[in-house]
$ cat target-v3.cif   # mmCIF, C-alpha atoms
data_target
#
loop_
_atom_site.label_atom_id
_atom_site.label_comp_id
_atom_site.auth_asym_id
_atom_site.auth_seq_id
_atom_site.Cartn_x
_atom_site.Cartn_y
_atom_site.Cartn_z
CA MET A 1 224.00 -73.60 -161.32
CA CYS A 2 226.87 -76.06 -161.04
CA HIS A 3 230.12 -74.37 -160.09
CA SER A 4 232.87 -76.68 -161.31
CA ILE A 5 236.39 -76.65 -159.91
CA SER A 6 238.58 -74.62 -162.20
CA ILE A 7 241.74 -72.59 -162.25
CA MET A 8 239.64 -69.65 -161.04
CA THR A 9 238.49 -71.40 -157.84
CA ARG A 10 239.81 -69.43 -154.86
CA VAL A 11 240.27 -70.84 -151.35
CA LEU A 12 241.10 -68.68 -148.33
CA HIS A 13 242.91 -70.61 -145.58
CA VAL A 14 242.51 -69.39 -142.01
CA LEU A 15 245.54 -70.19 -139.86
CA ASP A 16 246.93 -69.87 -136.36
CA HIS A 17 250.42 -69.09 -137.72
CA SER A 18 252.40 -69.67 -140.90
CA LEU A 19 255.70 -69.33 -142.68
CA PRO A 20 258.19 -67.77 -142.21
CA LEU A 21 257.83 -69.45 -138.79
CA HIS A 22 258.98 -73.07 -138.86
CA SER A 23 256.89 -75.77 -137.19
CA GLY A 24 255.07 -78.95 -138.12
CA TYR A 25 251.94 -76.78 -138.43
CA THR A 26 253.54 -74.37 -140.92
CA PHE A 27 255.16 -77.15 -142.96
CA ARG A 28 251.81 -78.94 -143.33
CA THR A 29 250.24 -75.63 -144.37
CA ARG A 30 252.94 -75.00 -146.96
CA ALA A 31 252.47 -78.48 -148.41
CA ILE A 32 248.69 -78.06 -148.64
CA LEU A 33 248.81 -74.62 -150.24
CA LYS A 34 251.60 -75.52 -152.67
CA SER A 35 249.76 -78.68 -153.73
CA LEU A 36 246.52 -76.76 -154.24
CA GLN A 37 248.40 -74.23 -156.35
CA GLY A 38 249.84 -77.07 -158.40
CA ALA A 39 246.33 -78.46 -158.91
CA GLY A 40 245.11 -75.14 -160.36
CA PHE A 41 243.57 -73.43 -157.31
CA GLU A 42 244.17 -69.86 -156.25
CA VAL A 43 245.02 -69.84 -152.55
CA GLU A 44 245.84 -67.24 -149.92
CA GLY A 45 246.15 -67.47 -146.15
CA ILE A 46 245.26 -65.28 -143.19
CA THR A 47 246.78 -65.70 -139.72
CA GLY A 48 245.30 -64.76 -136.37
CA ALA A 49 246.69 -62.62 -133.57
CA ARG A 50 248.94 -65.43 -132.28
CA HIS A 51 251.22 -65.44 -135.31
CA SER A 52 254.31 -64.31 -133.42
CA ALA A 53 256.60 -63.30 -136.28
CA ASP A 54 257.23 -59.63 -136.94
CA SER A 55 255.45 -59.68 -140.28
CA PRO A 56 254.01 -56.94 -142.52
CA PRO A 57 250.21 -56.77 -143.05
CA VAL A 58 250.58 -58.76 -146.29
CA GLU A 59 253.55 -61.06 -146.75
CA GLU A 60 254.71 -63.32 -149.57
CA VAL A 61 256.74 -66.36 -148.47
CA GLU A 62 257.87 -69.05 -150.93
CA GLY A 63 255.31 -67.85 -153.45
CA LEU A 64 252.43 -67.93 -150.93
CA ILE A 65 250.45 -64.85 -149.84
CA PHE A 66 249.60 -64.44 -146.15
CA HIS A 67 247.48 -61.67 -144.65
CA ARG A 68 248.10 -60.79 -140.99
CA VAL A 69 245.73 -59.85 -138.19
CA PRO A 70 247.79 -57.84 -135.70
CA GLY A 71 248.34 -59.11 -132.18
CA PRO A 72 248.59 -59.79 -129.39
CA VAL A 73 245.04 -58.96 -128.32
CA PRO A 74 244.70 -57.54 -124.76
CA GLY A 75 242.10 -58.49 -122.19
CA LEU A 76 241.20 -60.93 -119.45
CA PRO A 77 240.82 -64.65 -120.25
CA LEU A 78 237.67 -65.47 -122.25
CA LEU A 79 237.21 -61.81 -123.19
CA ARG A 80 240.65 -61.89 -124.82
CA GLU A 81 239.83 -65.05 -126.79
CA TRP A 82 236.52 -63.61 -127.96
CA ARG A 83 238.30 -60.46 -129.11
CA GLU A 84 240.78 -62.65 -131.01
CA ILE A 85 237.91 -64.42 -132.75
CA GLU A 86 236.23 -61.16 -133.69
CA ALA A 87 239.49 -59.59 -134.91
CA LEU A 88 240.15 -62.60 -137.12
CA ARG A 89 236.54 -62.66 -138.36
CA ASP A 90 236.86 -59.03 -139.33
CA GLY A 91 240.16 -59.78 -141.08
CA ILE A 92 238.62 -62.66 -143.02
CA GLU A 93 235.79 -60.45 -144.23
CA ARG A 94 238.20 -57.66 -145.14
CA VAL A 95 240.47 -59.99 -147.13
CA SER A 96 237.47 -61.69 -148.75
CA ALA A 97 236.26 -58.37 -150.14
CA GLN A 98 239.46 -58.21 -152.17
CA PHE A 99 240.34 -61.89 -152.74
CA ARG A 100 236.72 -63.02 -153.30
CA PRO A 101 237.15 -66.66 -152.20
CA ASP A 102 234.76 -69.42 -153.24
CA ILE A 103 235.50 -71.44 -150.08
CA ILE A 104 236.82 -70.65 -146.61
CA HIS A 105 239.03 -73.43 -145.22
CA ALA A 106 240.06 -72.97 -141.58
CA HIS A 107 242.63 -74.98 -139.69
CA SER A 108 242.63 -75.64 -135.95
CA PRO A 109 242.68 -74.37 -133.25
CA ALA A 110 239.01 -73.71 -132.66
CA LEU A 111 239.63 -69.96 -132.31
CA CYS A 112 240.43 -69.93 -136.04
CA GLY A 113 237.50 -72.22 -136.72
CA MET A 114 234.97 -70.04 -134.91
CA ALA A 115 236.19 -66.86 -136.63
CA ALA A 116 235.95 -68.58 -140.01
CA LEU A 117 232.52 -70.06 -139.22
CA ARG A 118 231.13 -66.64 -138.31
CA ALA A 119 232.68 -65.00 -141.37
CA SER A 120 231.54 -67.72 -143.77
CA ARG A 121 227.94 -67.43 -142.59
CA ARG A 122 227.99 -63.64 -143.01
CA LEU A 123 229.55 -64.02 -146.47
CA ASN A 124 227.35 -66.98 -147.45
CA LEU A 125 230.36 -69.12 -148.37
CA PRO A 126 231.00 -72.86 -147.86
CA PHE A 127 233.09 -73.55 -144.75
CA VAL A 128 235.60 -76.39 -144.36
CA TYR A 129 237.22 -76.99 -140.97
CA GLU A 130 240.39 -79.03 -140.49
CA ILE A 131 241.54 -80.39 -137.13
CA ARG A 132 245.23 -81.18 -136.70
CA ALA A 133 245.00 -81.91 -132.96
CA PHE A 134 242.63 -81.26 -130.09
CA TRP A 135 244.39 -78.26 -128.60
CA GLU A 136 243.08 -78.92 -125.09
CA ASP A 137 244.90 -82.28 -125.19
CA ALA A 138 248.01 -80.67 -126.68
CA ALA A 139 248.03 -78.21 -123.74
CA VAL A 140 247.96 -81.12 -121.32
CA GLY A 141 250.79 -82.80 -123.25
CA ASN A 142 252.81 -79.57 -123.21
CA LYS A 143 252.13 -79.11 -119.48
CA THR A 144 250.44 -75.76 -120.19
CA GLY A 145 246.99 -77.09 -119.33
CA ARG A 146 245.22 -79.55 -117.04
CA ASP A 147 242.90 -82.39 -118.04
CA GLY A 148 239.30 -81.56 -117.15
CA SER A 149 239.98 -77.93 -116.19
CA LEU A 150 237.54 -75.15 -117.08
CA LYS A 151 239.79 -74.06 -119.96
CA TYR A 152 240.01 -77.68 -121.18
CA ARG A 153 236.21 -78.03 -121.18
CA LEU A 154 235.61 -74.64 -122.82
CA THR A 155 238.12 -75.39 -125.59
CA ARG A 156 236.45 -78.75 -126.24
CA ALA A 157 233.00 -77.13 -126.29
CA LEU A 158 234.16 -74.49 -128.77
CA GLU A 159 235.62 -77.19 -131.02
CA ASN A 160 232.32 -79.07 -130.94
CA ARG A 161 230.47 -75.88 -131.90
CA VAL A 162 232.73 -75.32 -134.91
CA VAL A 163 232.46 -78.95 -136.05
CA ARG A 164 228.66 -78.79 -135.87
CA GLY A 165 228.60 -75.59 -137.91
CA ALA A 166 231.08 -76.64 -140.60
CA ASP A 167 229.88 -77.83 -143.98
CA ALA A 168 232.69 -80.40 -144.09
CA VAL A 169 235.40 -81.43 -141.64
CA PHE A 170 238.83 -82.98 -142.08
CA THR A 171 241.05 -84.51 -139.43
CA ILE A 172 244.66 -85.52 -139.94
CA CYS A 173 244.11 -89.10 -138.76
CA GLU A 174 241.51 -91.73 -137.96
CA GLY A 175 242.03 -91.34 -134.20
CA LEU A 176 240.74 -87.76 -134.24
CA ARG A 177 237.89 -88.63 -136.59
CA SER A 178 236.74 -91.55 -134.43
CA ASP A 179 236.77 -89.34 -131.34
CA LEU A 180 234.53 -86.76 -133.05
CA VAL A 181 232.11 -89.44 -134.21
CA ALA A 182 232.00 -90.84 -130.66
CA ARG A 183 230.95 -87.37 -129.48
CA GLY A 184 227.90 -87.61 -131.73
CA HIS A 185 229.08 -85.62 -134.74
CA GLU A 186 227.85 -86.63 -138.17
CA ALA A 187 230.29 -89.24 -139.51
CA SER A 188 229.47 -88.63 -143.17
CA LYS A 189 230.83 -85.08 -143.14
CA ILE A 190 234.13 -85.92 -141.39
CA GLY A 191 236.99 -87.18 -143.55
CA VAL A 192 240.68 -87.83 -143.04
CA SER A 193 243.40 -85.83 -144.77
CA PRO A 194 246.46 -87.64 -143.43
CA ASN A 195 249.76 -86.08 -142.57
CA GLY A 196 251.93 -86.12 -145.65
CA VAL A 197 255.09 -84.86 -147.24
CA ASP A 198 255.73 -82.91 -150.39
CA LEU A 199 257.91 -85.46 -152.15
CA SER A 200 258.95 -82.84 -154.68
CA LEU A 201 260.99 -81.25 -151.87
CA PHE A 202 262.94 -84.44 -151.28
CA GLY A 203 265.58 -85.30 -153.82
CA LYS A 204 267.98 -88.18 -153.59
CA PRO A 205 268.76 -88.78 -149.88
CA SER A 206 271.93 -87.05 -148.79
CA ALA A 207 275.08 -89.14 -148.48
CA ARG A 208 276.43 -89.51 -144.97
CA ASP A 209 278.10 -86.27 -143.92
CA GLU A 210 281.32 -87.69 -142.50
CA ARG A 211 282.67 -84.26 -141.65
CA LEU A 212 279.63 -83.48 -139.48
CA ALA A 213 279.81 -86.93 -137.86
CA ILE A 214 283.44 -86.37 -136.88
CA GLU A 215 282.71 -82.84 -135.69
CA LEU A 216 279.99 -84.16 -133.34
CA GLY A 217 282.02 -87.16 -132.19
CA LEU A 218 279.73 -89.60 -133.97
CA ALA A 219 282.16 -91.18 -136.43
CA ASP A 220 281.59 -94.55 -134.79
CA GLY A 221 278.09 -95.91 -134.59
CA PRO A 222 275.40 -96.91 -134.77
CA VAL A 223 273.72 -93.55 -134.10
CA ILE A 224 270.23 -93.37 -132.65
CA GLY A 225 268.71 -89.95 -133.24
CA PHE A 226 265.76 -87.65 -132.68
CA VAL A 227 265.01 -84.49 -134.68
CA GLY A 228 262.20 -82.29 -133.42
CA SER A 229 260.83 -80.36 -130.45
CA PHE A 230 261.67 -81.34 -126.88
CA TYR A 231 258.21 -81.57 -125.30
CA ASP A 232 257.44 -83.82 -122.34
CA TYR A 233 255.06 -86.02 -124.33
CA GLU A 234 257.83 -86.85 -126.83
CA GLY A 235 259.33 -89.16 -124.18
CA LEU A 236 262.94 -88.16 -124.75
CA ASP A 237 263.70 -88.82 -121.08
CA ASP A 238 262.89 -92.48 -121.75
CA LEU A 239 265.25 -92.46 -124.74
CA VAL A 240 268.09 -90.96 -122.69
CA ALA A 241 267.40 -93.48 -119.91
CA ALA A 242 267.56 -96.37 -122.41
CA ILE A 243 271.07 -95.61 -123.70
CA PRO A 244 273.12 -97.14 -120.80
CA LYS A 245 271.12 -100.37 -121.11
CA LEU A 246 271.49 -100.39 -124.89
CA ARG A 247 275.25 -99.89 -124.61
CA GLU A 248 275.55 -103.03 -122.51
CA ARG A 249 274.98 -105.00 -125.73
CA HIS A 250 276.21 -102.41 -128.21
CA PRO A 251 279.01 -100.43 -126.53
CA THR A 252 279.57 -98.05 -129.49
CA VAL A 253 275.96 -96.80 -129.73
CA LYS A 254 275.56 -93.01 -129.65
CA LEU A 255 272.49 -90.81 -129.21
CA LEU A 256 272.06 -87.54 -131.16
CA LEU A 257 269.32 -85.12 -130.13
CA VAL A 258 268.61 -82.31 -132.60
CA GLY A 259 266.24 -79.51 -131.65
CA GLY A 260 265.10 -77.77 -128.50
CA GLY A 261 262.09 -76.94 -126.40
CA PRO A 262 260.69 -76.87 -122.87
CA MET A 263 262.43 -80.09 -121.78
CA ASP A 264 265.87 -79.07 -123.04
CA GLY A 265 267.35 -78.20 -119.64
CA ASP A 266 265.96 -81.28 -117.90
CA LEU A 267 267.22 -83.56 -120.66
CA ARG A 268 270.71 -82.08 -120.59
CA ALA A 269 270.84 -82.53 -116.81
CA GLN A 270 269.62 -86.12 -117.13
CA ALA A 271 272.21 -86.85 -119.82
CA ALA A 272 275.03 -85.31 -117.77
CA ALA A 273 274.16 -87.62 -114.86
CA SER A 274 273.86 -90.70 -117.09
CA LEU A 275 276.37 -93.56 -117.06
CA ALA A 276 276.40 -93.05 -120.85
CA SER A 277 276.88 -89.27 -120.73
CA ASP A 278 279.82 -89.44 -123.14
CA ALA A 279 277.56 -91.09 -125.74
CA ILE A 280 274.76 -88.50 -125.71
CA VAL A 281 275.17 -85.48 -128.00
CA PHE A 282 272.95 -82.38 -128.11
CA ALA A 283 273.18 -80.52 -131.42
CA GLY A 284 270.73 -77.78 -130.39
CA ARG A 285 268.41 -76.13 -132.87
CA VAL A 286 269.71 -76.14 -136.43
CA PRO A 287 268.52 -74.18 -139.50
CA HIS A 288 265.88 -76.02 -141.52
CA SER A 289 268.22 -75.95 -144.50
CA GLU A 290 270.79 -77.93 -142.50
CA VAL A 291 268.50 -80.65 -141.15
CA GLU A 292 269.24 -83.12 -143.95
CA ARG A 293 272.91 -83.17 -142.92
CA TYR A 294 271.91 -84.36 -139.47
CA TYR A 295 269.49 -86.95 -140.82
CA SER A 296 272.33 -88.33 -142.94
CA ILE A 297 274.43 -89.36 -139.92
CA ILE A 298 271.58 -91.01 -138.00
CA ASP A 299 271.08 -94.74 -138.47
CA VAL A 300 267.79 -95.10 -136.56
CA LEU A 301 265.32 -92.24 -135.99
CA ALA A 302 263.63 -92.87 -132.64
CA TYR A 303 260.28 -91.35 -131.60
CA PRO A 304 259.56 -92.49 -128.00
CA ARG A 305 256.27 -90.66 -127.42
CA LYS A 306 254.62 -91.35 -124.07
CA ARG A 307 251.15 -92.88 -124.05
CA SER A 308 248.49 -90.20 -123.59
CA ARG A 309 245.24 -89.09 -125.15
CA LEU A 310 247.22 -86.71 -127.37
CA THR A 311 249.68 -89.31 -128.68
CA ASP A 312 247.02 -91.99 -129.11
CA LEU A 313 244.82 -89.70 -131.23
CA VAL A 314 247.33 -87.66 -133.25
CA THR A 315 249.77 -88.76 -135.93
CA PRO A 316 253.09 -86.87 -135.99
CA LEU A 317 254.76 -85.53 -139.12
CA LYS A 318 258.43 -86.21 -138.30
CA PRO A 319 258.39 -90.00 -138.85
CA LEU A 320 256.96 -89.48 -142.34
CA GLU A 321 259.67 -86.95 -143.18
CA ALA A 322 262.30 -89.41 -141.99
CA MET A 323 260.81 -92.21 -144.11
CA ALA A 324 260.72 -89.89 -147.12
CA GLN A 325 264.47 -89.42 -146.66
CA ASN A 326 265.05 -93.19 -146.58
CA ARG A 327 265.76 -93.29 -142.87
CA LEU A 328 264.94 -96.22 -140.59
CA VAL A 329 262.21 -95.33 -138.07
CA ALA A 330 261.51 -96.79 -134.63
CA ALA A 331 258.62 -95.41 -132.56
CA SER A 332 256.63 -96.12 -129.43
CA ASP A 333 253.54 -98.27 -129.79
CA VAL A 334 250.89 -95.54 -129.37
CA GLY A 335 247.86 -94.94 -131.55
CA GLY A 336 249.28 -92.08 -133.57
CA HIS A 337 252.35 -94.11 -134.54
CA ARG A 338 250.34 -97.24 -135.33
CA GLU A 339 248.51 -95.31 -138.06
CA LEU A 340 251.85 -94.59 -139.75
CA ILE A 341 253.99 -97.67 -139.10
CA ASP A 342 253.42 -101.34 -139.90
CA ASP A 343 255.53 -102.94 -137.17
CA GLY A 344 258.40 -104.95 -138.64
CA ALA A 345 257.48 -104.01 -142.22
CA THR A 346 257.84 -100.22 -142.54
CA GLY A 347 259.44 -99.55 -139.15
CA LEU A 348 259.65 -100.76 -135.58
CA LEU A 349 257.22 -100.22 -132.70
CA PHE A 350 258.51 -100.52 -129.14
CA PRO A 351 256.77 -100.31 -125.73
CA PRO A 352 255.96 -96.76 -124.58
CA ASP A 353 256.98 -95.43 -121.17
CA ASP A 354 259.49 -98.28 -120.79
CA PRO A 355 263.22 -97.47 -121.15
CA ASP A 356 264.25 -101.11 -120.70
CA GLY A 357 261.77 -102.26 -123.34
CA LEU A 358 262.96 -99.49 -125.64
CA ALA A 359 266.58 -100.55 -125.18
CA ALA A 360 265.74 -104.19 -125.86
CA SER A 361 263.82 -103.38 -129.03
CA LEU A 362 266.56 -101.12 -130.41
CA SER A 363 269.17 -103.74 -129.54
CA THR A 364 267.32 -106.37 -131.54
CA LEU A 365 266.94 -103.95 -134.43
CA ILE A 366 270.69 -103.28 -134.44
CA ASP A 367 271.39 -107.03 -134.29
CA GLU A 368 269.21 -107.50 -137.38
CA LYS A 369 270.83 -104.86 -139.56
CA TYR A 370 270.36 -107.11 -142.59
CA ARG A 371 266.62 -106.23 -142.44
CA TRP A 372 267.14 -102.49 -142.66
CA PRO A 373 267.17 -102.05 -146.47
CA ALA A 374 263.87 -103.90 -146.93
CA ILE A 375 262.18 -101.92 -144.13
CA VAL A 376 263.46 -98.59 -145.47
CA ASN A 377 262.32 -99.44 -149.00
CA ALA A 378 258.84 -100.50 -147.84
CA ALA A 379 258.50 -97.33 -145.76
CA GLY A 380 259.45 -95.13 -148.70
CA GLN A 381 256.90 -96.85 -150.93
CA ASN A 382 254.21 -96.45 -148.28
CA VAL A 383 254.89 -92.71 -148.00
CA ALA A 384 254.74 -92.32 -151.79
CA GLN A 385 251.45 -94.22 -152.04
CA LYS A 386 249.58 -92.88 -148.99
CA HIS A 387 251.26 -89.70 -147.81
CA ASP A 388 252.33 -87.73 -150.89
CA TRP A 389 250.57 -84.37 -150.99
CA ALA A 390 250.39 -84.51 -154.77
CA ARG A 391 247.89 -87.36 -154.29
CA ASN A 392 246.33 -86.38 -150.96
CA ILE A 393 245.16 -83.05 -152.36
CA GLU A 394 242.49 -84.92 -154.35
CA ARG A 395 240.58 -85.41 -151.08
CA TYR A 396 240.13 -81.63 -150.87
CA ARG A 397 239.24 -81.31 -154.53
CA ALA A 398 236.33 -83.73 -154.22
CA VAL A 399 234.90 -82.02 -151.13
CA TYR A 400 235.32 -78.54 -152.59
CA GLN A 401 233.48 -79.70 -155.71
CA ASN A 402 230.56 -81.10 -153.69
CA LEU A 403 230.21 -77.89 -151.71
CA LEU A 404 230.39 -75.63 -154.75
CA ASP A 405 227.81 -77.77 -156.52
CA GLY A 406 225.49 -77.34 -153.57
CA GLY A 407 225.37 -81.09 -153.06
CA PRO A 408 225.82 -83.19 -149.90
CA SER A 409 228.85 -82.46 -147.77
CA ALA A 410 229.78 -86.15 -147.40
CA VAL A 411 233.53 -86.64 -147.42
CA GLU A 412 233.78 -90.38 -146.89
#
$ encode --input "target-v3.cif" --output "structure tokens"
Amino acid sequence: MCHSISIMTRVLHVLDHSLPLHSGYTFRTRAILKSLQGAGFEVEGITGARHSADSPPVEEVEGLIFHRVPGPVPGLPLLREWREIEALRDGIERVSAQFRPDIIHAHSPALCGMAALRASRRLNLPFVYEIRAFWEDAAVGNKTGRDGSLKYRLTRALENRVVRGADAVFTICEGLRSDLVARGHEASKIGVSPNGVDLSLFGKPSARDERLAIELGLADGPVIGFVGSFYDYEGLDDLVAAIPKLRERHPTVKLLLVGGGPMDGDLRAQAAASLASDAIVFAGRVPHSEVERYYSIIDVLAYPRKRSRLTDLVTPLKPLEAMAQNRLVAASDVGGHRELIDDGATGLLFPPDDPDGLAASLSTLIDEKYRWPAIVNAAGQNVAQKHDWARNIERYRAVYQNLLDGGPSAVE
């Protein structure tokens, strides 16, 4: 019998971590779940043992219900990961007995995917798997893993197993999808659910916060800025290295770095030794509620990601958030950025791994300030048309409907 999508359709989302933690992962999750709620679905989430917040067994955050599997899980490598999978599988089955989902929708990493695959088969429920990044490549980018290592190969093999077993698969960008197809996975069941923003969260862009600019010593400009996590693959060392060269043509340029992460100490040391040290400002980590104030005093948001397998395959969220707030975006010319930015039309692409090329590109952009309004306007329209979760959620609706009807799992 045909099971049509209705207000009673329940979807259980299986997650690595969630709100109240703040990360690109949790913000994407919030947007997905809120949009599904708005479309008439009943949704709940369950997090695995790596959710590091001190949370109760069941937690409501921003109107969303999350169930917790306690952690961390002890044991030697491999045994520990298998125990994590089994603990999460057991949690999924326990929550399902009460929530009674129609669909299980897991989100990477593959540990979540394998737990959800095993649970869905035992519960005889459709299983959707969503890949936000290949975590073995992310580990290499974060310098917590090594390309081609045993752990790298095992993580990749586990991902392949989950993709083969899933009824339908989503990736966040075409780069990830193409890589899966090249591995031999069935193209017709792999779709793209692109990174997006919940435009309902963005009101009129904030006016420039002059008080904050003065407080940080950024009253003069232009201000080049970065807001996000300080990982090696983000290429912030190249951005810091570009500032002295950029100031040769634009002596009043300043650089504002907002956030923190593993590279924080190295970047501060590099900045202190720079010929432009007086022009480089570290704001540190700021509350999410305050981020818009910092965006308001930045003229150009720069994302200098280094070229790697990770950055060529994965689209970041931060440039889209900046565009949604009517900010001008410049980013390195890697695959993940090319999926988001039409060079010269909705933003600027500059050479990766090249501080001199970065400085030259930003200098030209500053010289051509008359182009900024048109670029910002085009970028905002592009986000509204292609990256608004209110529209993107229809991709899920169609796939859910096919699976509940017992039809083909094609998502293209």
$ closest_residue --input "target-v3.cif" --among "A:Ser289, A:Ser363, A:Ser277, A:Thr346" --to "Pro222 of chain A" --atoms "only C-alpha atoms"
A:Ser363
$ closest_residue --input "target-v3.cif" --among "A:Asn382, A:Asn124, A:Gln37, A:Thr26" --to "Asp342 of chain A" --atoms "only C-alpha atoms"
A:Asn382
$ closest_residue --input "target-v3.cif" --among "A:Ala49, A:Leu76, A:Ser193, A:Leu21" --to "Ile393 of chain A" --atoms "all atoms listed in the file"
A:Ser193
$ resolve_selection --input "target-v3.cif" --expression "the PyMOL selection byres ((chain A and resi 333) around 9)" --output "PyMOL selection string"
chain A and resi 304-305+307+331-332+334-338+343+348-352
$ closest_residue --input "target-v3.cif" --among "A:Glu186, A:Asp16, A:Glu292, A:Asp237" --to "Ala269 of chain A" --atoms "all atoms listed in the file"
A:Asp237
$ closest_residue --input "target-v3.cif" --among "A:His17, A:Arg50, A:Arg183, A:Arg132" --to "Thr171 of chain A" --atoms "all atoms listed in the file"
A:Arg132
$ closest_residue --input "target-v3.cif" --among "A:Arg153, A:Arg94, A:His22, A:His105" --to "Arg10 of chain A" --atoms "all atoms listed in the file"
A:His105
$ residues_around --input "target-v3.cif" --residues "Val163 of chain A" --least-positions-apart "2" --cutoff "10 Å" --atoms "only C-alpha atoms" --output "VMD selection string"
chain A and resid 110 113 to 114 117 128 to 131 157 to 161 165 to 170 180 185 to 186 189 to 190
$ closest_atom_pairs --input "target-v3.cif" --of "segment 15-35 of chain A" --to "segment 195-213 of chain A" --cutoff "9 Å" --atoms "all atoms listed in the file" --output "tab-separated table"
residue	atom	partner	partner_atom	distance
A:Phe27	CA	A:Val197	CA	8.8
A:Arg28	CA	A:Asn195	CA	7.5
A:Ala31	CA	A:Asp198	CA	5.8
A:Ile32	CA	A:Asp198	CA	8.7
A:Lys34	CA	A:Asp198	CA	8.8
A:Ser35	CA	A:Asp198	CA	8.0
$ resolve_selection --input "target-v3.cif" --expression "the PyMOL selection byres ((chain A and resi 140) around 12)" --output "PyMOL selection string"
chain A and resi 134-139+141-149+151-152+231-233+308-311
$ resolve_selection --input "target-v3.cif" --expression "the PyMOL selection byres ((chain A and resi 100) around 12)" --output "MDAnalysis selection string"
chainID A and resid 8:12 42:44 92:99 101:104 120 123:125
$ residues_around --input "target-v3.cif" --residues "Thr252 of chain A" --least-positions-apart "4" --cutoff "12 Å" --atoms "only C-alpha atoms" --output "number ranges by chain"
A: 217-224, 243-244, 246-248, 276, 278-280, 363, 366
